[in-house]
file entry_7.csv (CSV, C-alpha atoms)
chain,number,residue,atom,x,y,z
A,1,MET,CA,52.1,80.9,107.2
A,2,VAL,CA,55.3,81.7,109.2
A,3,LYS,CA,55.9,79.4,112.1
A,4,TYR,CA,57.5,80.9,115.2
A,5,ASN,CA,59.8,78.5,117.0
A,6,PRO,CA,59.9,79.2,120.8
A,7,PHE,CA,63.5,78.1,120.9
A,8,ASN,CA,64.5,80.8,118.3
A,9,TRP,CA,62.5,83.4,120.2
A,10,ILE,CA,64.4,82.5,123.5
A,11,LEU,CA,67.7,82.8,121.7
A,12,MET,CA,66.8,86.2,120.2
A,13,ILE,CA,65.6,87.6,123.5
A,14,LEU,CA,68.8,86.4,125.3
A,15,SER,CA,71.0,87.7,122.5
A,16,SER,CA,69.2,91.1,122.5
A,17,LEU,CA,69.8,91.4,126.3
A,18,VAL,CA,73.5,90.9,125.8
A,19,LEU,CA,73.6,93.4,123.0
A,20,LEU,CA,71.6,95.9,125.1
A,21,PHE,CA,74.1,95.4,127.9
A,22,ILE,CA,76.9,96.3,125.6
A,23,LEU,CA,75.2,99.2,123.8
A,24,ALA,CA,73.4,100.9,126.7
A,25,PRO,CA,76.4,102.2,128.7
A,26,LEU,CA,78.0,103.5,125.4
A,27,ALA,CA,74.8,105.1,124.3
A,28,GLY,CA,74.3,106.7,127.7
A,29,MET,CA,77.8,108.2,127.6
A,30,PHE,CA,77.2,109.7,124.2
A,31,LEU,CA,73.8,111.0,125.1
A,32,HIS,CA,75.0,112.6,128.3
A,33,THR,CA,78.0,114.4,126.6
A,34,ASN,CA,77.4,118.0,126.1
A,35,GLY,CA,78.1,119.3,122.6
A,36,LYS,CA,80.0,122.3,123.7
A,37,GLU,CA,82.1,120.3,126.1
A,38,PHE,CA,82.8,117.8,123.4
A,39,LEU,CA,84.0,120.5,121.0
A,40,GLU,CA,86.2,121.9,123.6
A,41,THR,CA,87.7,118.5,124.2
A,42,VAL,CA,88.3,118.0,120.5
A,43,SER,CA,90.3,121.3,120.3
A,44,ASP,CA,92.2,120.5,123.5
A,45,LYS,CA,95.9,120.0,122.6
A,46,GLU,CA,96.6,117.7,125.6
A,47,VAL,CA,93.8,115.4,124.5
A,48,GLN,CA,94.9,115.4,120.9
A,49,GLN,CA,98.5,114.6,121.8
A,50,SER,CA,97.3,111.8,124.2
A,51,ILE,CA,95.2,110.1,121.5
A,52,TRP,CA,97.9,110.4,118.9
A,53,LEU,CA,100.5,109.0,121.3
A,54,THR,CA,98.1,106.1,122.1
A,55,LEU,CA,97.6,105.2,118.4
A,56,TRP,CA,101.1,105.4,117.1
A,57,VAL,CA,102.7,103.6,120.1
A,58,SER,CA,100.2,100.8,120.0
A,59,PHE,CA,100.6,100.4,116.3
A,60,ALA,CA,104.4,100.5,116.5
A,61,ALA,CA,104.4,97.9,119.3
A,62,THR,CA,102.1,95.6,117.3
A,63,PHE,CA,104.0,96.1,114.0
A,64,LEU,CA,107.4,95.4,115.6
A,65,PHE,CA,106.4,92.4,117.6
A,66,ALA,CA,104.6,90.9,114.6
A,67,PHE,CA,108.0,90.0,113.1
A,68,GLY,CA,108.5,87.5,115.9
A,69,SER,CA,104.9,86.6,116.7
A,70,VAL,CA,103.9,85.4,113.2
A,71,PRO,CA,106.8,82.9,112.9
A,72,LEU,CA,106.2,81.7,116.4
A,73,ALA,CA,102.5,81.2,115.5
A,74,TRP,CA,103.6,79.1,112.5
A,75,LEU,CA,105.9,76.9,114.7
A,76,LEU,CA,103.0,76.3,117.1
A,77,ALA,CA,100.7,75.3,114.3
A,78,ARG,CA,103.1,73.1,112.4
A,79,LYS,CA,105.8,71.7,114.7
A,80,LYS,CA,105.8,69.3,117.6
A,81,PHE,CA,108.4,69.9,120.2
A,82,PRO,CA,109.0,69.2,123.9
A,83,LEU,CA,107.1,71.3,126.3
A,84,LYS,CA,104.9,72.7,123.6
A,85,ASN,CA,101.9,72.9,125.9
A,86,ILE,CA,103.9,74.8,128.5
A,87,VAL,CA,105.1,77.3,125.8
A,88,GLN,CA,101.4,77.8,124.8
A,89,GLY,CA,100.5,78.4,128.5
A,90,ILE,CA,103.3,81.0,128.8
A,91,ILE,CA,102.0,82.8,125.8
A,92,ASP,CA,98.5,83.0,127.3
A,93,LEU,CA,99.7,84.0,130.7
A,94,PRO,CA,99.6,87.8,130.1
A,95,ILE,CA,95.8,87.5,129.4
A,96,VAL,CA,95.1,86.1,132.9
A,97,LEU,CA,97.5,88.3,134.9
A,98,PRO,CA,96.1,91.2,136.8
A,99,HIS,CA,97.0,94.3,134.9
A,100,THR,CA,98.8,95.8,137.8
A,101,ALA,CA,100.9,92.6,138.1
A,102,ALA,CA,101.7,92.8,134.4
A,103,GLY,CA,102.8,96.4,134.9
A,104,LEU,CA,105.0,95.5,137.8
A,105,ALA,CA,106.6,92.6,135.8
A,106,VAL,CA,107.4,94.9,132.9
A,107,LEU,CA,108.6,97.6,135.2
A,108,GLY,CA,111.1,95.2,136.8
A,109,PHE,CA,112.3,94.2,133.4
A,110,ILE,CA,112.8,97.7,132.0
A,111,SER,CA,114.0,99.5,135.2
A,112,ARG,CA,117.7,100.3,135.6
A,113,ASP,CA,118.0,97.2,137.7
A,114,GLY,CA,116.4,95.0,135.1
A,115,PHE,CA,118.0,93.2,132.2
A,116,LEU,CA,116.5,95.4,129.4
A,117,GLY,CA,116.8,98.5,131.5
A,118,LYS,CA,120.5,98.0,132.0
A,119,ALA,CA,121.0,97.5,128.3
A,120,ALA,CA,119.1,100.6,127.4
A,121,ASP,CA,121.0,102.6,130.1
A,122,LEU,CA,124.2,101.9,128.3
A,123,ILE,CA,123.1,103.9,125.3
A,124,GLY,CA,121.6,106.6,127.5
A,125,LEU,CA,117.9,105.5,127.1
A,126,THR,CA,115.5,105.5,130.0
A,127,LEU,CA,112.5,103.2,129.3
A,128,ILE,CA,110.4,104.3,132.2
A,129,ASN,CA,108.1,107.3,131.5
A,130,ASN,CA,109.1,106.9,127.8
A,131,PRO,CA,107.0,105.9,124.8
A,132,ALA,CA,109.3,102.8,124.3
A,133,GLY,CA,108.3,101.6,127.8
A,134,ILE,CA,104.7,102.2,127.0
A,135,ALA,CA,105.0,100.1,123.9
A,136,LEU,CA,106.6,97.3,125.8
A,137,ALA,CA,103.8,97.4,128.4
A,138,MET,CA,101.1,97.4,125.6
A,139,ALA,CA,102.8,94.5,123.8
A,140,PHE,CA,103.2,92.4,126.9
A,141,VAL,CA,99.4,92.3,127.6
A,142,SER,CA,98.3,92.1,124.0
A,143,ILE,CA,100.7,89.9,122.1
A,144,PRO,CA,98.8,86.6,122.9
A,145,PHE,CA,95.9,87.9,120.7
A,146,LEU,CA,98.1,88.1,117.6
A,147,ILE,CA,100.0,84.8,118.3
A,148,ASN,CA,96.8,82.8,118.9
A,149,SER,CA,94.9,84.2,116.0
A,150,ALA,CA,97.8,83.7,113.6
A,151,ARG,CA,98.4,80.2,114.9
A,152,ASP,CA,94.8,79.2,114.2
A,153,GLY,CA,95.1,80.7,110.7
A,154,PHE,CA,98.2,78.6,110.0
A,155,ALA,CA,96.6,75.5,111.4
A,156,ALA,CA,93.7,75.9,109.0
A,157,VAL,CA,96.0,75.9,106.0
A,158,PRO,CA,96.1,72.4,104.4
A,159,GLU,CA,99.6,71.1,105.2
A,160,ARG,CA,99.5,69.1,102.0
A,161,LEU,CA,99.8,72.3,100.0
A,162,GLU,CA,103.0,73.2,101.8
A,163,LYS,CA,104.4,69.7,101.3
A,164,ALA,CA,103.5,69.7,97.6
A,165,ALA,CA,105.4,72.9,97.1
A,166,LEU,CA,108.4,71.6,98.9
A,167,THR,CA,108.3,68.4,96.8
A,168,LEU,CA,108.3,70.6,93.6
A,169,GLY,CA,111.5,72.3,94.7
A,170,ALA,CA,110.3,75.4,96.5
A,171,SER,CA,112.3,76.6,99.5
A,172,HIS,CA,110.8,76.7,103.0
A,173,THR,CA,111.0,80.5,102.9
A,174,ARG,CA,109.1,80.7,99.6
A,175,VAL,CA,106.5,78.3,100.8
A,176,PHE,CA,106.0,80.4,104.0
A,177,PHE,CA,105.6,83.7,102.1
A,178,THR,CA,103.7,82.4,99.0
A,179,ILE,CA,101.4,79.7,100.5
A,180,SER,CA,101.2,79.7,104.3
A,181,MET,CA,101.0,83.5,105.0
A,182,PRO,CA,98.6,84.3,102.1
A,183,LEU,CA,96.2,81.6,103.1
A,184,ALA,CA,96.4,82.5,106.8
A,185,TRP,CA,96.3,86.3,106.1
A,186,ARG,CA,92.9,86.9,107.3
A,187,SER,CA,93.6,85.4,110.7
A,188,ILE,CA,96.9,87.3,110.9
A,189,VAL,CA,95.2,90.6,110.2
A,190,THR,CA,92.5,89.8,112.7
A,191,GLY,CA,95.2,89.1,115.3
A,192,PHE,CA,97.0,92.3,114.4
A,193,ILE,CA,93.9,94.4,114.9
A,194,MET,CA,93.1,92.6,118.2
A,195,MET,CA,96.6,93.2,119.5
A,196,PHE,CA,96.5,96.8,118.4
A,197,ALA,CA,93.1,97.3,120.0
A,198,ARG,CA,94.1,95.6,123.2
A,199,GLY,CA,97.3,97.6,123.4
A,200,MET,CA,95.7,101.0,122.9
A,201,SER,CA,93.1,100.3,125.6
A,202,GLU,CA,95.5,99.2,128.2
A,203,PHE,CA,95.6,101.2,131.5
A,204,GLY,CA,96.9,99.1,134.4
A,205,ALA,CA,100.2,98.0,133.0
A,206,VAL,CA,101.0,101.3,131.3
A,207,VAL,CA,100.2,103.6,134.3
A,208,ILE,CA,102.8,101.7,136.4
A,209,VAL,CA,105.5,102.0,133.7
A,210,ALA,CA,104.7,105.5,132.5
A,211,TYR,CA,102.2,107.9,134.0
A,212,HIS,CA,103.7,110.5,131.7
A,213,PRO,CA,103.5,111.0,128.8
A,214,MET,CA,99.9,110.2,129.1
A,215,ILE,CA,98.2,107.8,126.8
A,216,ALA,CA,94.4,108.3,126.4
A,217,PRO,CA,93.3,105.7,129.0
A,218,VAL,CA,95.6,107.3,131.6
A,219,LEU,CA,94.4,110.8,130.6
A,220,ILE,CA,90.8,109.8,131.0
A,221,TYR,CA,91.5,108.4,134.4
A,222,GLU,CA,93.4,111.4,135.5
A,223,ARG,CA,90.6,113.8,134.5
A,224,PHE,CA,88.0,111.6,136.2
A,225,SER,CA,90.0,111.4,139.5
A,226,SER,CA,90.8,115.1,139.4
A,227,PHE,CA,87.7,116.7,138.0
A,228,GLY,CA,85.0,114.1,137.9
A,229,LEU,CA,82.8,112.4,135.3
A,230,LYS,CA,81.8,115.6,133.6
A,231,TYR,CA,85.3,116.2,132.4
A,232,ALA,CA,86.3,112.7,131.7
A,233,ARG,CA,83.3,111.7,129.6
A,234,PRO,CA,84.0,114.0,126.6
A,235,ALA,CA,87.5,112.6,126.3
A,236,SER,CA,86.2,109.1,126.5
A,237,VAL,CA,83.7,109.8,123.7
A,238,LEU,CA,86.3,111.3,121.5
A,239,PHE,CA,88.7,108.4,122.1
A,240,ILE,CA,85.9,105.9,121.2
A,241,ILE,CA,85.1,107.7,118.0
A,242,VAL,CA,88.8,107.9,116.9
A,243,ALA,CA,89.4,104.2,117.8
A,244,LEU,CA,86.2,103.1,115.9
A,245,ALA,CA,87.4,105.1,112.8
A,246,VAL,CA,90.8,103.4,113.0
A,247,PHE,CA,89.3,99.9,113.3
A,248,ILE,CA,87.0,100.5,110.4
A,249,LEU,CA,89.9,101.7,108.3
A,250,LEU,CA,92.0,98.7,109.2
A,251,ARG,CA,89.2,96.3,108.4
A,252,LEU,CA,88.6,98.0,105.0
A,253,ILE,CA,92.4,97.6,104.2
A,254,SER,CA,92.3,94.0,105.2
A,255,VAL,CA,89.2,93.3,103.0
A,256,ARG,CA,90.8,95.1,100.1
A,257,ARG,CA,94.0,93.1,100.6
A,258,LYS,CA,91.9,89.9,100.4
A,259,GLU,CA,90.1,91.0,97.3
A,260,ILE,CA,93.4,91.7,95.5
A,261,HIS,CA,94.8,88.3,96.6
A,262,LEU,CA,91.7,86.5,95.3
A,263,LEU,CA,91.4,88.4,92.0
A,264,PRO,CA,93.7,86.1,89.9
A,265,ASP,CA,91.7,83.1,91.0
A,266,ALA,CA,88.4,84.8,90.1
A,267,GLU,CA,89.8,85.7,86.6
A,268,ALA,CA,91.0,82.1,86.1
call {"tool": "encode", "arguments": {"input": "entry_7.csv", "output": "structure tokens"}}
result
Amino acid sequence: MVKYNPFNWILMILSSLVLLFILAPLAGMFLHTNGKEFLETVSDKEVQQSIWLTLWVSFAATFLFAFGSVPLAWLLARKKFPLKNIVQGIIDLPIVLPHTAAGLAVLGFISRDGFLGKAADLIGLTLINNPAGIALAMAFVSIPFLINSARDGFAAVPERLEKAALTLGASHTRVFFTISMPLAWRSIVTGFIMMFARGMSEFGAVVIVAYHPMIAPVLIYERFSSFGLKYARPASVLFIIVALAVFILLRLISVRRKEIHLLPDAEA
């Protein structure tokens, strides 16, 4: 006879309430979206361009900043240095900043009076109202997710494996790319996906740096403020569907990568 533990029932009820809180608004948005309006939104060139801009700019920002973020994560996991806790606090700062404040900070940095803005102006590039500026705003608010996830992944790698490889004559570069990164790969990919997702969902920082060209969150807000919920909801639903498809694809690629990496061990 199955025994029902009251504690387990309480946990299940509380967990169900949280899941319901997450699913109910999304389900309501899908159910209240008219099929005809949704199809019109799908064929809308402005919406298509906005979603495509959001995806490729967020991915480009994540990809480019990963080249510095992953080594920084390894240093945080492996090295002890002065003011390390302060450095970690600086990395986490964009998470707690109000989004508008983050946007203003980036704007001051990339405007013609800012350091990066002046450098870009020398080659005739204006970062404000430019995909490059959007990428910087996305990266600023999302980069902690990649750094922290990769750091935890590197910290979980047994340090003795790296030291053994170094003792056997392997270079630091080889150890990093053949031992540290492969073993921390799952955490790095998770951080990459989280940074990409956080970047593509950003509104507050991006809208200050570049109202045009419009990324999807800005377009949805613009349609809501100009025409109301009826016109904003189909664009939101389409963006959610596209984002979900992209996340599933990235997860499948990461799982496939892990299977390929583990295959020799399985055969051994």
call {"tool": "residues_around", "arguments": {"input": "entry_7.csv", "residues": "A:His99", "least_positions_apart": "4", "cutoff": "10 Å", "atoms": "all atoms listed in the file", "output": "list of chain:residue names"}}
result
A:Pro94, A:Ile95, A:Gly103, A:Leu104, A:Ala105, A:Ala137, A:Val141, A:Glu202, A:Phe203, A:Gly204, A:Ala205, A:Val206, A:Val207, A:Ile208
call {"tool": "write_last_selection", "arguments": {"input": "entry_7.csv", "atoms": "C-alpha atoms", "output": "PDB file, in the coordinates of the input"}}
result
ATOM      1  CA  PRO A  94      99.600  87.800 130.100  1.00  0.00           C
ATOM      2  CA  ILE A  95      95.800  87.500 129.400  1.00  0.00           C
ATOM      3  CA  GLY A 103     102.800  96.400 134.900  1.00  0.00           C
ATOM      4  CA  LEU A 104     105.000  95.500 137.800  1.00  0.00           C
ATOM      5  CA  ALA A 105     106.600  92.600 135.800  1.00  0.00           C
ATOM      6  CA  ALA A 137     103.800  97.400 128.400  1.00  0.00           C
ATOM      7  CA  VAL A 141      99.400  92.300 127.600  1.00  0.00           C
ATOM      8  CA  GLU A 202      95.500  99.200 128.200  1.00  0.00           C
ATOM      9  CA  PHE A 203      95.600 101.200 131.500  1.00  0.00           C
ATOM     10  CA  GLY A 204      96.900  99.100 134.400  1.00  0.00           C
ATOM     11  CA  ALA A 205     100.200  98.000 133.000  1.00  0.00           C
ATOM     12  CA  VAL A 206     101.000 101.300 131.300  1.00  0.00           C
ATOM     13  CA  VAL A 207     100.200 103.600 134.300  1.00  0.00           C
ATOM     14  CA  ILE A 208     102.800 101.700 136.400  1.00  0.00           C
TER      15      ILE A 208
END
call {"tool": "atom_distance", "arguments": {"input": "entry_7.csv", "atom1": "atom CA of A:Val242", "atom2": "atom CA of A:Val42"}}
result
10.7 Å
call {"tool": "residues_around", "arguments": {"input": "entry_7.csv", "residues": "A:Ile91", "least_positions_apart": "4", "cutoff": "12 Å", "atoms": "all atoms listed in the file", "output": "list in words"}}
result
Ser69, Leu72, Ala73, Leu76, Lys84, Asn85, Ile86, Val87, Ile95, Val96, Leu97, Ala139, Phe140, Val141, Ser142, Ile143, Pro144, Phe145, Leu146, Ile147, Asn148 and Arg151 of chain A
call {"tool": "closest_residue", "arguments": {"input": "entry_7.csv", "among": "A:Leu136, A:Met214, A:Ala184, A:Ala243", "to": "A:Leu116", "atoms": "all atoms listed in the file"}}
result
A:Leu136
call {"tool": "closest_residue", "arguments": {"input": "entry_7.csv", "among": "A:Ile134, A:Ala232, A:Leu20, A:Val189", "to": "A:Leu107", "atoms": "all atoms listed in the file"}}
result
A:Ile134
call {"tool": "atom_distance", "arguments": {"input": "entry_7.csv", "atom1": "atom CA of A:Tyr231", "atom2": "atom CA of A:Pro98"}}
result
27.6 Å
call {"tool": "closest_residue", "arguments": {"input": "entry_7.csv", "among": "A:Pro158, A:Gly199, A:Gly153, A:Gly35", "to": "A:Ser58", "atoms": "all atoms listed in the file"}}
result
A:Gly199
call {"tool": "atom_distance", "arguments": {"input": "entry_7.csv", "atom1": "atom CA of A:Phe177", "atom2": "atom CA of A:Arg251"}}
result
21.6 Å
call {"tool": "residues_around", "arguments": {"input": "entry_7.csv", "residues": "A:Thr41", "least_positions_apart": "6", "cutoff": "12 Å", "atoms": "all atoms listed in the file", "output": "VMD selection string"}}
result
chain A and resid 33 to 35 47 to 51 220 223 230 to 239
call {"tool": "residues_around", "arguments": {"input": "entry_7.csv", "residues": "A:Phe63", "least_positions_apart": "2", "cutoff": "12 Å", "atoms": "all atoms listed in the file", "output": "VMD selection string"}}
result
chain A and resid 55 to 61 65 to 70 135 139 143 146 188 to 189 191 to 193 195 to 196 199
call {"tool": "closest_residue", "arguments": {"input": "entry_7.csv", "among": "A:Leu75, A:Val157, A:Ala150, A:Leu53", "to": "A:Ala132", "atoms": "all atoms listed in the file"}}
result
A:Leu53
call {"tool": "closest_residue", "arguments": {"input": "entry_7.csv", "among": "A:Met200, A:Leu183, A:Ile215, A:Leu250", "to": "A:Glu46", "atoms": "all atoms listed in the file"}}
result
A:Ile215
call {"tool": "closest_residue", "arguments": {"input": "entry_7.csv", "among": "A:Asp113, A:Phe154, A:Ile240, A:Leu125", "to": "A:Pro217", "atoms": "only C-alpha atoms"}}
result
A:Ile240
call {"tool": "decode", "arguments": {"input": "entry_7.csv", "residues": "stretch 13-44 of chain A", "atoms": "N, CA and C atoms", "output": "PDB file, in the first residue's frame"}}
result
ATOM      1  N   ILE A  13       2.246  20.731  -3.774  1.00  0.00           N
ATOM      2  CA  ILE A  13       1.249  21.791  -3.924  1.00  0.00           C
ATOM      3  C   ILE A  13       1.932  23.143  -4.121  1.00  0.00           C
ATOM      4  N   LEU A  14       2.942  23.426  -3.293  1.00  0.00           N
ATOM      5  CA  LEU A  14       3.658  24.694  -3.422  1.00  0.00           C
ATOM      6  C   LEU A  14       4.376  24.791  -4.771  1.00  0.00           C
ATOM      7  N   SER A  15       4.972  23.683  -5.193  1.00  0.00           N
ATOM      8  CA  SER A  15       5.667  23.667  -6.482  1.00  0.00           C
ATOM      9  C   SER A  15       4.688  23.881  -7.627  1.00  0.00           C
ATOM     10  N   SER A  16       3.521  23.258  -7.527  1.00  0.00           N
ATOM     11  CA  SER A  16       2.505  23.415  -8.571  1.00  0.00           C
ATOM     12  C   SER A  16       2.022  24.848  -8.675  1.00  0.00           C
ATOM     13  N   LEU A  17       1.906  25.522  -7.539  1.00  0.00           N
ATOM     14  CA  LEU A  17       1.466  26.923  -7.547  1.00  0.00           C
ATOM     15  C   LEU A  17       2.485  27.811  -8.260  1.00  0.00           C
ATOM     16  N   VAL A  18       3.764  27.539  -8.023  1.00  0.00           N
ATOM     17  CA  VAL A  18       4.808  28.318  -8.688  1.00  0.00           C
ATOM     18  C   VAL A  18       4.781  28.071 -10.193  1.00  0.00           C
ATOM     19  N   LEU A  19       4.660  26.797 -10.593  1.00  0.00           N
ATOM     20  CA  LEU A  19       4.585  26.471 -12.019  1.00  0.00           C
ATOM     21  C   LEU A  19       3.361  27.096 -12.669  1.00  0.00           C
ATOM     22  N   LEU A  20       2.253  27.083 -11.942  1.00  0.00           N
ATOM     23  CA  LEU A  20       1.021  27.686 -12.466  1.00  0.00           C
ATOM     24  C   LEU A  20       1.199  29.188 -12.658  1.00  0.00           C
ATOM     25  N   PHE A  21       1.906  29.814 -11.710  1.00  0.00           N
ATOM     26  CA  PHE A  21       2.162  31.251 -11.813  1.00  0.00           C
ATOM     27  C   PHE A  21       2.985  31.575 -13.060  1.00  0.00           C
ATOM     28  N   ILE A  22       3.911  30.677 -13.420  1.00  0.00           N
ATOM     29  CA  ILE A  22       4.738  30.895 -14.607  1.00  0.00           C
ATOM     30  C   ILE A  22       3.949  30.617 -15.882  1.00  0.00           C
ATOM     31  N   LEU A  23       3.193  29.527 -15.881  1.00  0.00           N
ATOM     32  CA  LEU A  23       2.517  29.087 -17.102  1.00  0.00           C
ATOM     33  C   LEU A  23       1.248  29.859 -17.415  1.00  0.00           C
ATOM     34  N   ALA A  24       0.513  30.275 -16.378  1.00  0.00           N
ATOM     35  CA  ALA A  24      -0.798  30.892 -16.605  1.00  0.00           C
ATOM     36  C   ALA A  24      -0.737  32.146 -17.478  1.00  0.00           C
ATOM     37  N   PRO A  25       0.138  33.105 -17.194  1.00  0.00           N
ATOM     38  CA  PRO A  25       0.189  34.292 -18.068  1.00  0.00           C
ATOM     39  C   PRO A  25       0.556  33.956 -19.503  1.00  0.00           C
ATOM     40  N   LEU A  26       1.503  33.015 -19.677  1.00  0.00           N
ATOM     41  CA  LEU A  26       1.911  32.634 -21.028  1.00  0.00           C
ATOM     42  C   LEU A  26       0.780  31.930 -21.757  1.00  0.00           C
ATOM     43  N   ALA A  27       0.122  31.010 -21.056  1.00  0.00           N
ATOM     44  CA  ALA A  27      -1.000  30.302 -21.671  1.00  0.00           C
ATOM     45  C   ALA A  27      -2.122  31.262 -22.040  1.00  0.00           C
ATOM     46  N   GLY A  28      -2.386  32.230 -21.155  1.00  0.00           N
ATOM     47  CA  GLY A  28      -3.424  33.212 -21.429  1.00  0.00           C
ATOM     48  C   GLY A  28      -3.103  34.047 -22.659  1.00  0.00           C
ATOM     49  N   MET A  29      -1.828  34.403 -22.821  1.00  0.00           N
ATOM     50  CA  MET A  29      -1.434  35.198 -23.978  1.00  0.00           C
ATOM     51  C   MET A  29      -1.625  34.417 -25.276  1.00  0.00           C
ATOM     52  N   PHE A  30      -1.294  33.126 -25.248  1.00  0.00           N
ATOM     53  CA  PHE A  30      -1.475  32.287 -26.432  1.00  0.00           C
ATOM     54  C   PHE A  30      -2.962  32.092 -26.738  1.00  0.00           C
ATOM     55  N   LEU A  31      -3.752  31.844 -25.703  1.00  0.00           N
ATOM     56  CA  LEU A  31      -5.178  31.573 -25.905  1.00  0.00           C
ATOM     57  C   LEU A  31      -5.936  32.794 -26.404  1.00  0.00           C
ATOM     58  N   HIS A  32      -5.476  33.979 -26.025  1.00  0.00           N
ATOM     59  CA  HIS A  32      -6.176  35.200 -26.404  1.00  0.00           C
ATOM     60  C   HIS A  32      -5.637  35.817 -27.691  1.00  0.00           C
ATOM     61  N   THR A  33      -4.714  35.120 -28.341  1.00  0.00           N
ATOM     62  CA  THR A  33      -4.184  35.621 -29.605  1.00  0.00           C
ATOM     63  C   THR A  33      -5.002  35.070 -30.761  1.00  0.00           C
ATOM     64  N   ASN A  34      -5.575  35.965 -31.526  1.00  0.00           N
ATOM     65  CA  ASN A  34      -6.389  35.580 -32.671  1.00  0.00           C
ATOM     66  C   ASN A  34      -5.523  34.977 -33.770  1.00  0.00           C
ATOM     67  N   GLY A  35      -5.985  33.874 -34.349  1.00  0.00           N
ATOM     68  CA  GLY A  35      -5.215  33.189 -35.377  1.00  0.00           C
ATOM     69  C   GLY A  35      -4.919  34.054 -36.583  1.00  0.00           C
ATOM     70  N   LYS A  36      -5.907  34.819 -37.026  1.00  0.00           N
ATOM     71  CA  LYS A  36      -5.728  35.687 -38.187  1.00  0.00           C
ATOM     72  C   LYS A  36      -4.707  36.779 -37.898  1.00  0.00           C
ATOM     73  N   GLU A  37      -4.810  37.373 -36.711  1.00  0.00           N
ATOM     74  CA  GLU A  37      -3.864  38.422 -36.325  1.00  0.00           C
ATOM     75  C   GLU A  37      -2.444  37.858 -36.212  1.00  0.00           C
ATOM     76  N   PHE A  38      -2.351  36.639 -35.719  1.00  0.00           N
ATOM     77  CA  PHE A  38      -1.031  36.015 -35.576  1.00  0.00           C
ATOM     78  C   PHE A  38      -0.399  35.780 -36.949  1.00  0.00           C
ATOM     79  N   LEU A  39      -1.176  35.274 -37.911  1.00  0.00           N
ATOM     80  CA  LEU A  39      -0.660  35.033 -39.258  1.00  0.00           C
ATOM     81  C   LEU A  39      -0.248  36.333 -39.933  1.00  0.00           C
ATOM     82  N   GLU A  40      -1.005  37.385 -39.689  1.00  0.00           N
ATOM     83  CA  GLU A  40      -0.640  38.695 -40.232  1.00  0.00           C
ATOM     84  C   GLU A  40       0.684  39.180 -39.636  1.00  0.00           C
ATOM     85  N   THR A  41       0.869  38.904 -38.352  1.00  0.00           N
ATOM     86  CA  THR A  41       2.112  39.299 -37.688  1.00  0.00           C
ATOM     87  C   THR A  41       3.288  38.503 -38.222  1.00  0.00           C
ATOM     88  N   VAL A  42       3.070  37.219 -38.471  1.00  0.00           N
ATOM     89  CA  VAL A  42       4.132  36.365 -39.009  1.00  0.00           C
ATOM     90  C   VAL A  42       4.618  36.889 -40.354  1.00  0.00           C
ATOM     91  N   SER A  43       3.714  37.390 -41.171  1.00  0.00           N
ATOM     92  CA  SER A  43       4.071  37.877 -42.512  1.00  0.00           C
ATOM     93  C   SER A  43       4.496  39.351 -42.512  1.00  0.00           C
ATOM     94  N   ASP A  44       4.467  39.991 -41.364  1.00  0.00           N
ATOM     95  CA  ASP A  44       4.838  41.400 -41.260  1.00  0.00           C
ATOM     96  C   ASP A  44       6.360  41.547 -41.365  1.00  0.00           C
TER      97      ASP A  44
END
